[in-house]
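Source file: final04.cif; contents: mmCIF, C-alpha atoms and all ligand atoms.
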data_protein
#
loop_
_atom_site.label_atom_id
_atom_site.label_comp_id
_atom_site.auth_asym_id
_atom_site.auth_seq_id
_atom_site.Cartn_x
_atom_site.Cartn_y
_atom_site.Cartn_z
CA MET A 1 4.79 -19.03 26.68
CA CYS A 2 7.00 -17.79 29.48
CA ARG A 3 6.99 -20.92 31.61
CA TYR A 4 7.93 -21.77 35.20
CA ALA A 5 4.43 -20.96 36.43
CA GLY A 6 4.32 -20.30 40.09
CA MET A 7 2.22 -17.39 41.26
CA MET A 8 -1.45 -18.05 41.89
CA THR A 9 -3.58 -16.04 39.48
CA ARG A 10 -6.25 -13.93 41.07
CA MET A 11 -8.49 -14.00 38.05
CA GLN A 12 -10.88 -16.60 36.70
CA THR A 13 -9.44 -18.80 34.01
CA ARG A 14 -11.04 -20.77 31.19
CA ARG A 15 -9.85 -23.65 29.07
CA PHE A 16 -8.57 -22.47 25.68
CA GLY A 17 -10.23 -25.08 23.52
CA ARG A 18 -8.36 -28.19 22.48
CA LEU A 19 -4.99 -26.55 23.16
CA GLY A 20 -5.97 -27.14 26.77
CA TRP A 21 -4.37 -23.98 28.16
CA GLN A 22 -5.96 -22.29 31.15
CA VAL A 23 -6.05 -18.61 30.21
CA SER A 24 -7.42 -15.61 32.08
CA GLU A 25 -10.99 -15.06 30.91
CA VAL A 26 -10.20 -11.38 30.56
CA GLY A 27 -7.22 -11.02 28.28
CA TYR A 28 -5.52 -7.97 26.82
CA GLY A 29 -5.83 -6.35 23.38
CA LEU A 30 -2.81 -4.33 22.22
CA TRP A 31 -4.00 -2.66 19.05
CA GLY A 32 -4.47 0.80 20.58
CA MET A 33 -0.97 1.08 21.98
CA GLY A 34 0.48 0.09 18.60
CA GLY A 35 -1.32 2.54 16.40
CA TRP A 36 -4.02 4.78 17.88
CA SER A 37 -3.35 8.45 18.50
CA GLY A 38 -2.89 9.46 22.11
CA SER A 39 -0.78 6.41 22.94
CA ASP A 40 2.02 6.89 25.39
CA ASP A 41 4.55 4.09 25.60
CA GLU A 42 5.34 4.59 29.28
CA GLN A 43 1.66 4.50 30.10
CA SER A 44 1.16 1.38 27.95
CA LEU A 45 4.13 -0.38 29.55
CA SER A 46 2.88 0.32 33.03
CA ALA A 47 -0.62 -0.89 32.08
CA LEU A 48 0.84 -4.13 30.67
CA GLU A 49 3.04 -4.59 33.70
CA TYR A 50 0.07 -4.14 36.02
CA ALA A 51 -2.03 -6.61 34.03
CA ILE A 52 0.62 -9.30 34.43
CA GLU A 53 0.86 -8.61 38.15
CA ARG A 54 -2.92 -8.93 38.45
CA GLY A 55 -2.90 -12.35 36.76
CA CYS A 56 -3.85 -11.55 33.17
CA THR A 57 -2.32 -14.35 31.12
CA PHE A 58 -3.54 -13.81 27.55
CA PHE A 59 -2.18 -11.02 25.34
CA ASP A 60 -3.29 -10.38 21.77
CA THR A 61 -1.08 -8.32 19.50
CA ALA A 62 -0.19 -8.25 15.78
CA LEU A 63 2.76 -7.48 13.56
CA ALA A 64 0.60 -4.86 11.86
CA TYR A 65 0.01 -2.86 15.05
CA GLY A 66 2.44 0.00 14.56
CA ASP A 67 4.68 -2.18 12.39
CA GLY A 68 5.62 -4.37 15.36
CA HIS A 69 5.47 -1.57 17.96
CA SER A 70 3.00 -3.26 20.31
CA GLU A 71 4.87 -6.57 19.94
CA ARG A 72 8.06 -4.84 21.05
CA LEU A 73 6.32 -3.22 24.02
CA LEU A 74 4.95 -6.61 25.08
CA GLY A 75 8.40 -8.14 24.57
CA GLN A 76 9.91 -5.61 26.99
CA VAL A 77 7.39 -6.53 29.66
CA LEU A 78 7.70 -10.29 29.09
CA LYS A 79 11.44 -10.05 29.61
CA ARG A 80 10.81 -8.68 33.08
CA HIS A 81 8.56 -11.63 33.99
CA PRO A 82 10.36 -14.78 32.88
CA HIS A 83 8.69 -16.84 35.59
CA ARG A 84 5.08 -16.03 34.77
CA THR A 85 2.86 -18.20 32.61
CA VAL A 86 1.72 -15.84 29.89
CA TYR A 87 0.19 -16.77 26.52
CA VAL A 88 1.11 -14.59 23.57
CA ALA A 89 -1.09 -14.35 20.49
CA THR A 90 -0.05 -12.38 17.44
CA LYS A 91 -1.08 -12.14 13.78
CA ILE A 92 0.35 -12.38 10.30
CA PRO A 93 -0.63 -9.31 8.26
CA PRO A 94 -1.99 -9.73 4.74
CA LYS A 95 0.92 -9.35 2.31
CA ASN A 96 -1.20 -7.13 0.06
CA GLY A 97 -1.91 -4.79 3.00
CA GLN A 98 -5.67 -4.97 2.47
CA TRP A 99 -8.22 -5.27 5.30
CA PRO A 100 -10.54 -7.15 5.08
CA ALA A 101 -9.77 -9.98 2.65
CA ARG A 102 -12.19 -10.15 -0.26
CA PRO A 103 -13.43 -13.46 -1.70
CA ASP A 104 -11.69 -12.73 -5.01
CA TYR A 105 -8.25 -12.16 -3.45
CA ARG A 106 -5.73 -14.85 -4.31
CA LEU A 107 -4.03 -16.68 -1.45
CA GLU A 108 -0.63 -16.13 -3.09
CA ASP A 109 -1.12 -12.37 -2.81
CA VAL A 110 -2.21 -12.42 0.83
CA PHE A 111 -0.66 -15.38 2.68
CA PRO A 112 2.03 -16.99 0.49
CA PRO A 113 4.12 -19.50 2.52
CA ASP A 114 7.29 -17.37 2.49
CA HIS A 115 5.35 -14.40 3.88
CA ILE A 116 3.77 -16.58 6.59
CA LEU A 117 7.21 -17.73 7.71
CA ALA A 118 8.94 -14.34 7.40
CA SER A 119 6.20 -12.57 9.38
CA THR A 120 6.38 -15.18 12.12
CA GLU A 121 10.17 -14.81 12.36
CA THR A 122 9.84 -11.02 12.59
CA SER A 123 7.21 -11.32 15.33
CA LEU A 124 9.41 -13.73 17.28
CA LYS A 125 12.21 -11.18 17.15
CA ASN A 126 9.93 -8.29 18.17
CA LEU A 127 8.54 -10.28 21.08
CA GLY A 128 11.93 -11.66 22.11
CA ILE A 129 10.60 -15.20 22.52
CA GLU A 130 11.41 -18.54 20.93
CA THR A 131 7.88 -19.78 20.28
CA ILE A 132 4.64 -17.92 19.64
CA ASP A 133 1.80 -19.53 21.57
CA LEU A 134 -0.85 -18.55 19.06
CA GLN A 135 -0.16 -17.34 15.54
CA GLN A 136 -3.21 -16.06 13.66
CA PHE A 137 -4.10 -14.91 10.16
CA HIS A 138 -5.13 -11.26 10.44
CA VAL A 139 -7.72 -11.50 7.63
CA TRP A 140 -9.54 -14.40 6.08
CA THR A 141 -11.84 -15.55 3.31
CA ASP A 142 -13.16 -19.09 3.36
CA GLU A 143 -12.43 -19.33 -0.37
CA TRP A 144 -8.94 -20.38 0.76
CA ALA A 145 -10.08 -23.02 3.23
CA HIS A 146 -9.01 -26.02 1.16
CA ASP A 147 -5.84 -24.53 -0.27
CA GLU A 148 -2.99 -26.77 0.86
CA ARG A 149 -0.37 -24.02 0.72
CA TRP A 150 -1.39 -22.27 3.95
CA GLN A 151 -2.18 -25.60 5.58
CA ARG A 152 1.32 -26.91 4.93
CA ALA A 153 2.93 -23.64 6.05
CA VAL A 154 1.05 -23.70 9.35
CA ASP A 155 1.82 -27.35 9.93
CA ASP A 156 5.52 -26.77 9.19
CA MET A 157 5.71 -23.91 11.69
CA LYS A 158 4.13 -26.08 14.36
CA ARG A 159 6.53 -28.93 13.68
CA GLN A 160 9.52 -26.56 13.77
CA GLY A 161 8.38 -25.26 17.14
CA LEU A 162 7.92 -21.69 15.91
CA ILE A 163 4.27 -21.68 16.99
CA ARG A 164 2.19 -23.79 19.36
CA GLY A 165 -1.29 -23.04 18.10
CA PHE A 166 -2.89 -21.52 15.04
CA GLY A 167 -5.96 -19.32 14.77
CA ILE A 168 -7.89 -17.16 12.37
CA SER A 169 -9.06 -13.63 13.15
CA VAL A 170 -12.16 -13.27 11.03
CA ASN A 171 -13.21 -10.16 9.16
CA ARG A 172 -15.44 -7.73 11.04
CA TRP A 173 -19.09 -8.74 10.92
CA GLU A 174 -18.44 -11.88 8.88
CA PRO A 175 -18.55 -14.51 11.65
CA THR A 176 -19.48 -17.38 9.33
CA ASN A 177 -16.72 -16.65 6.84
CA VAL A 178 -14.45 -19.22 8.51
CA LEU A 179 -16.67 -22.28 8.93
CA LYS A 180 -15.05 -24.21 6.08
CA ALA A 181 -11.60 -23.56 7.51
CA LEU A 182 -12.70 -25.04 10.84
CA ASP A 183 -13.33 -28.34 9.05
CA THR A 184 -9.67 -28.64 8.08
CA GLY A 185 -8.81 -29.55 11.67
CA LEU A 186 -5.91 -27.08 11.60
CA VAL A 187 -7.57 -24.19 13.38
CA ASP A 188 -7.20 -24.03 17.17
CA SER A 189 -8.93 -20.70 17.76
CA VAL A 190 -11.15 -18.10 16.15
CA GLN A 191 -11.01 -14.41 17.00
CA VAL A 192 -14.27 -12.60 16.31
CA VAL A 193 -16.07 -9.32 17.09
CA TYR A 194 -18.56 -10.17 19.84
CA ASN A 195 -20.26 -7.61 22.07
CA ILE A 196 -23.70 -6.30 23.11
CA PHE A 197 -24.26 -4.99 19.57
CA ASP A 198 -22.57 -7.74 17.57
CA GLN A 199 -24.22 -10.94 18.76
CA ASN A 200 -24.27 -12.79 15.42
CA PRO A 201 -21.39 -15.15 16.24
CA GLU A 202 -23.79 -16.93 18.62
CA ASP A 203 -25.84 -18.25 15.70
CA GLU A 204 -23.45 -20.49 13.80
CA LEU A 205 -19.86 -19.78 14.73
CA PHE A 206 -20.05 -20.54 18.44
CA PRO A 207 -21.83 -23.89 18.00
CA ALA A 208 -19.29 -24.85 15.31
CA CYS A 209 -16.39 -24.00 17.64
CA ARG A 210 -18.05 -25.82 20.54
CA GLU A 211 -18.45 -29.02 18.49
CA ARG A 212 -14.81 -28.94 17.39
CA ASP A 213 -13.35 -27.75 20.71
CA ILE A 214 -11.97 -24.61 19.05
CA ALA A 215 -11.31 -21.65 21.37
CA VAL A 216 -13.24 -18.40 20.85
CA ILE A 217 -11.44 -15.09 21.44
CA ALA A 218 -14.02 -12.31 21.75
CA ARG A 219 -12.57 -9.10 20.40
CA VAL A 220 -13.75 -5.45 20.34
CA PRO A 221 -15.88 -5.87 23.50
CA PHE A 222 -16.57 -2.12 23.69
CA ASP A 223 -17.38 -1.63 20.00
CA GLU A 224 -14.07 0.25 19.69
CA GLY A 225 -15.03 2.42 22.67
CA SER A 226 -18.71 3.31 22.17
CA LEU A 227 -19.91 0.70 24.67
CA THR A 228 -17.82 2.25 27.42
CA GLY A 229 -20.43 5.04 27.35
CA THR A 230 -17.76 7.76 27.26
CA MET A 231 -18.15 9.00 23.68
CA ARG A 232 -19.86 12.28 22.81
CA PRO A 233 -21.58 13.71 19.70
CA GLY A 234 -19.20 15.35 17.23
CA MET A 235 -16.11 13.53 18.54
CA THR A 236 -13.16 13.34 16.17
CA TRP A 237 -9.59 12.13 16.48
CA PRO A 238 -6.31 13.43 15.05
CA GLN A 239 -5.81 12.86 11.34
CA GLY A 240 -4.77 9.31 10.54
CA ASP A 241 -6.54 7.76 13.54
CA TRP A 242 -8.63 4.87 12.32
CA ARG A 243 -11.48 5.78 14.66
CA ASN A 244 -12.35 8.75 12.41
CA LEU A 245 -13.48 6.13 9.89
CA TYR A 246 -15.31 3.84 12.30
CA PHE A 247 -17.09 6.72 14.06
CA SER A 248 -17.45 8.93 10.98
CA PRO A 249 -19.99 11.78 11.21
CA ASP A 250 -22.57 9.76 9.24
CA LYS A 251 -22.31 6.79 11.64
CA LEU A 252 -21.67 8.32 15.06
CA PRO A 253 -25.21 9.63 15.75
CA GLU A 254 -26.80 6.21 15.25
CA ILE A 255 -24.10 4.51 17.34
CA LEU A 256 -24.62 6.98 20.19
CA LYS A 257 -28.40 6.59 20.00
CA ARG A 258 -28.02 2.85 20.45
CA VAL A 259 -25.49 3.32 23.25
CA GLU A 260 -28.07 5.42 25.12
CA GLU A 261 -30.60 2.60 24.72
CA VAL A 262 -28.07 0.17 26.24
CA ARG A 263 -27.39 2.62 29.06
CA ARG A 264 -31.02 2.26 30.18
CA ASP A 265 -30.35 -1.43 30.87
CA VAL A 266 -27.25 -0.88 33.03
CA PRO A 267 -28.14 -2.08 36.54
CA ALA A 268 -27.62 0.24 39.48
CA GLY A 269 -24.10 0.03 40.81
CA MET A 270 -22.66 -1.32 37.57
CA SER A 271 -20.66 0.67 35.03
CA MET A 272 -21.18 0.39 31.30
CA PRO A 273 -17.75 -1.18 30.61
CA GLU A 274 -18.52 -3.73 33.32
CA LEU A 275 -21.87 -4.57 31.74
CA ALA A 276 -20.24 -4.90 28.31
CA LEU A 277 -17.65 -7.36 29.62
CA ARG A 278 -20.09 -9.30 31.81
CA PHE A 279 -22.40 -9.81 28.81
CA ILE A 280 -19.55 -11.49 26.93
CA LEU A 281 -18.27 -13.49 29.89
CA SER A 282 -21.76 -14.79 30.61
CA ASN A 283 -21.40 -16.85 27.45
CA PRO A 284 -19.46 -20.06 28.22
CA ASP A 285 -18.52 -20.42 24.54
CA VAL A 286 -16.02 -17.58 25.01
CA ALA A 287 -12.55 -18.65 26.15
CA THR A 288 -11.25 -15.12 26.66
CA VAL A 289 -12.32 -11.54 25.94
CA ILE A 290 -9.62 -9.06 24.93
CA PRO A 291 -10.48 -5.45 25.75
CA GLY A 292 -8.10 -2.90 24.27
CA MET A 293 -6.39 -1.03 27.13
CA ARG A 294 -3.64 1.51 27.38
CA ARG A 295 -4.41 2.90 30.83
CA LYS A 296 -3.76 1.18 34.14
CA LEU A 297 -7.13 2.38 35.40
CA HIS A 298 -8.87 0.56 32.56
CA VAL A 299 -6.85 -2.56 33.28
CA GLU A 300 -7.90 -2.40 36.90
CA THR A 301 -11.59 -1.98 36.05
CA ASN A 302 -11.67 -4.62 33.34
CA LEU A 303 -9.70 -7.32 35.12
CA GLY A 304 -11.83 -6.70 38.18
CA VAL A 305 -14.85 -7.99 36.27
CA SER A 306 -13.36 -11.48 36.30
CA ASP A 307 -15.03 -12.71 39.46
CA GLY A 308 -17.01 -15.64 38.06
CA ARG A 309 -20.39 -13.94 38.50
CA PRO A 310 -22.50 -14.20 35.33
CA LEU A 311 -25.24 -11.68 34.57
CA ASP A 312 -28.77 -12.41 35.59
CA PRO A 313 -30.48 -14.37 32.75
CA GLU A 314 -33.28 -11.80 32.64
CA LEU A 315 -30.79 -9.03 32.03
CA ILE A 316 -29.10 -11.06 29.31
CA GLU A 317 -32.49 -11.42 27.63
CA ARG A 318 -32.95 -7.64 27.74
CA LEU A 319 -29.49 -7.12 26.28
CA ARG A 320 -30.34 -9.45 23.41
CA ARG A 321 -32.63 -6.71 22.11
CA HIS A 322 -29.60 -4.54 21.38
CA ARG A 323 -28.34 -6.91 18.69
CA TRP A 324 -27.35 -4.79 15.71
CA VAL A 325 -26.68 -6.41 12.36
CA ARG A 326 -24.25 -4.15 10.55
CA THR A 327 -23.02 -4.89 7.07
CA TYR A 328 -21.50 -1.65 5.87
CA PHE A 329 -17.84 -1.75 5.04
CA VAL A 330 -15.30 -1.01 7.75
CA PRO A 331 -11.77 -2.41 7.55
N1 LIG B 1 -8.76 -7.76 12.81
C1 LIG B 1 -8.40 -8.08 14.03
O1 LIG B 1 -7.85 -9.12 14.25
C2 LIG B 1 -8.71 -7.14 15.16
C3 LIG B 1 -9.47 -5.99 14.93
C4 LIG B 1 -9.80 -5.20 16.02
C5 LIG B 1 -9.35 -5.54 17.30
N2 LIG B 1 -8.58 -6.65 17.48
C6 LIG B 1 -8.09 -7.03 18.84
O2 LIG B 1 -9.13 -6.82 19.79
C7 LIG B 1 -8.68 -5.93 20.81
C8 LIG B 1 -9.84 -5.14 21.39
O3 LIG B 1 -10.43 -4.31 20.43
P1 LIG B 1 -10.15 -2.73 20.35
O4 LIG B 1 -8.97 -2.40 21.21
O5 LIG B 1 -10.07 -2.38 18.93
O6 LIG B 1 -11.50 -2.08 20.92
P2 LIG B 1 -12.31 -2.21 22.29
O7 LIG B 1 -11.65 -3.17 23.21
O8 LIG B 1 -13.74 -2.45 21.92
O9 LIG B 1 -12.21 -0.71 22.86
C9 LIG B 1 -10.98 -0.16 23.25
C10 LIG B 1 -11.24 1.24 23.78
O10 LIG B 1 -11.95 1.15 25.03
C11 LIG B 1 -11.28 1.93 26.01
N3 LIG B 1 -11.48 1.28 27.31
C12 LIG B 1 -11.04 0.06 27.71
N4 LIG B 1 -11.46 -0.20 28.97
C13 LIG B 1 -12.18 0.88 29.38
C14 LIG B 1 -12.86 1.19 30.57
N5 LIG B 1 -12.91 0.33 31.59
N6 LIG B 1 -13.51 2.38 30.64
C15 LIG B 1 -13.50 3.26 29.61
N7 LIG B 1 -12.84 3.01 28.45
C16 LIG B 1 -12.20 1.81 28.33
C17 LIG B 1 -9.84 1.93 25.58
O11 LIG B 1 -9.18 3.03 26.17
P3 LIG B 1 -7.57 3.07 26.41
O12 LIG B 1 -6.93 2.45 25.22
O13 LIG B 1 -7.29 4.51 26.51
O14 LIG B 1 -7.26 2.34 27.67
C18 LIG B 1 -9.98 2.03 24.07
O15 LIG B 1 -10.19 3.37 23.70
C19 LIG B 1 -7.61 -5.09 20.09
O16 LIG B 1 -6.80 -4.36 20.99
C20 LIG B 1 -6.92 -6.17 19.31
O17 LIG B 1 -6.06 -6.91 20.14
C21 LIG B 1 -8.28 -7.47 16.44
#
Show me the file's structure as structure tokens.
Amino acid sequence: MCRYAGMMTRMQTRRFGRLGWQVSEVGYGLWGMGGWSGSDDEQSLSALEYAIERGCTFFDTALAYGDGHSERLLGQVLKRHPHRTVYVATKIPPKNGQWPARPDYRLEDVFPPDHILASTETSLKNLGIETIDLQQFHVWTDEWAHDERWQRAVDDMKRQGLIRGFGISVNRWEPTNVLKALDTGLVDSVQVVYNIFDQNPEDELFPACRERDIAVIARVPFDEGSLTGTMRPGMTWPQGDWRNLYFSPDKLPEILKRVEEVRRDVPAGMSMPELALRFILSNPDVATVIPGMRRKLHVETNLGVSDGRPLDPELIERLRRHRWVRTYFVP
């Protein structure tokens, strides 16, 4: 954390579980600027800069995003704001390079202790900081929950002051595949896909986190962009862009059909991105939501939603009908 807090934040904050931090309830996701096509570093830097000025204090990146690219961009911005209180979360990639982790993968192939330490040291260098506030595993299977090797590695890094907190970013659409790990007492936060479509974490994961005072980071609030309401039939991205897989021609029509159904529930005067974020923020189990943003305009819109006004309970009930249980494979 860059300490010496001073400036009053203009955004709402929430307590980050048992770590006790007060973080902005709208945080910042950096995946796009690290690896998606159409990213422009100058644009990303100015968006990050603006977010810090506006009082955003929680930034989620990963060593895997552009092989450290988004960590380095964040590091550049942090250097310019040594007096701001900003919490940095990053992730250790799976050593075998496979997303998501499968139950039959061996811990020694994915998160061996030397890889945990080496990745953390590389991230520290990329970010230009001495301690990572929140280090997370980028994939997980609960088959490893009771394996002492990762437990010891995490504990060692905390004792050495390399990290302050430890979290797990769970596989897409597998929100219960972490419950055993929560019982170890070593997990400070869980990062999970939670949005108007993906409401399953409410069933078991959120109550489990609430009982243990573990912070919830809600990721992918816009379903990778569909819930912003800006996508069109037949859309494709340049070769190599991961979104070609997520929004493949066999999946896009159904996604867009469901988006149109959500659109009918958007109240007058509210935009779809605003509704998507307000749905998530209306749930007090969420400590922070991390929209992916590369444009200043998006930062402005999204941070502006943090005004402490929850959605009307009747509207939340209507939005519950858009729950979509997806199980097909997407990394
Ligand atoms: N396995 C994991 O741990 C994992 C996996 C996925 C995501 N994550 C984390 O979660 C974060 C969020 O997920 P995501 O970035 O994949 O998807 P997302 O937040 O659901 O969607 C991001 C997309 O929405 C657009 N957008 C943002 N605000 C907008 C607005 N107000 N109006 C219109 N469009 C808007 C962004 O555009 P611009 O980029 O052009 O601004 C981007 O194309 C990631 O950045 C990452 O930090 C973690």
Quick one: residues within 10 Å of Gly32 of chain A, only C-alpha atoms, excluding same-chain residues fewer than 4 positions away - as a PyMOL selection string? chain A and resi 36-39+44+61+65-66+70+224+292-294
Given 8 Å on each side, where is the centre and what are the edge lengths in Å to one decimal of the axis-aligned box enclosing the listed atoms of ligand LIG 1 (chain B), as AutoDock Vina command-line options?
--center_x -9.9 --center_y -2.3 --center_z 22.2 --size_x 23.7 --size_y 29.6 --size_z 34.8
Sorted by chain and rising residue number, list the residues of chain A at most 6 Å from ligand LIG 1 (chain B) (counting only C-alpha atoms and all ligand atoms), each with its closest atom pair and distance in Å to one decimal, as CSV.
residue,atom,partner,partner_atom,distance
A:Gly29,CA,B:LIG1,O16,3.3
A:Leu30,CA,B:LIG1,O16,4.2
A:Trp31,CA,B:LIG1,O16,3.8
A:Gly32,CA,B:LIG1,O12,5.5
A:Asp60,CA,B:LIG1,O17,4.7
A:Thr61,CA,B:LIG1,O17,5.2
A:His138,CA,B:LIG1,O1,5.1
A:Ser169,CA,B:LIG1,O1,4.8
A:Arg219,CA,B:LIG1,O2,4.2
A:Val220,CA,B:LIG1,O8,3.4
A:Pro221,CA,B:LIG1,O8,4.3
A:Phe222,CA,B:LIG1,O8,3.4
A:Asp223,CA,B:LIG1,O8,4.2
A:Glu224,CA,B:LIG1,O8,3.5
A:Gly225,CA,B:LIG1,O10,4.1
A:Thr228,CA,B:LIG1,C15,4.9
A:Pro273,CA,B:LIG1,N5,5.2
A:Ile290,CA,B:LIG1,C7,5.3
A:Pro291,CA,B:LIG1,O7,3.6
A:Gly292,CA,B:LIG1,O4,3.2
A:Met293,CA,B:LIG1,O14,3.5
A:Arg294,CA,B:LIG1,O14,3.7
A:Arg295,CA,B:LIG1,O14,4.3
A:His298,CA,B:LIG1,N5,4.2
A:Thr301,CA,B:LIG1,N5,5.2
A:Asn302,CA,B:LIG1,N5,5.4
For atom CA of Leu319 of chain A and atom CA of Phe197 of chain A, quote the distance in Å rounded to one decimal. 8.8 Å
Which of these residues is nearest to Pro94 of chain A, using all atoms listed in the file: A:Pro238, A:Gly17, A:Pro310, A:Pro112? A:Pro112
Within 12 Å of Gln160 of chain A, counting all atoms listed in the file, which residues show up once you throw out same-chain ones fewer than 3 positions away? Write them as a PyMOL selection string, please. chain A and resi 117+120-121+130-132+153-157+163-164
Taking (-10.5, -16.4, 29.6) in the file's coordinates, which residues come within 8 Å, counting all atoms listed in the file, written as a PyMOL selection string? chain A and resi 12-16+22-27+58+286-289
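You will find atom CA of Lys91 of chain A at 9.7 Å from atom CA of Ile116 of chain A.
For the pair atom CA of Phe111 of chain A and atom CA of Lys95 of chain A, the separation is 6.2 Å.
The point (-3.5, -5.5, 2.3) has these residues within 12 Å of it, counting all atoms listed in the file: Ala64, Ile92, Pro93, Pro94, Lys95, Asn96, Gly97, Gln98, Trp99, Pro100, Ala101, Arg102, Tyr105, Arg106, Leu107, Asp109, Val110, Phe111, His138, Val139, Trp140 and Pro331 of chain A.
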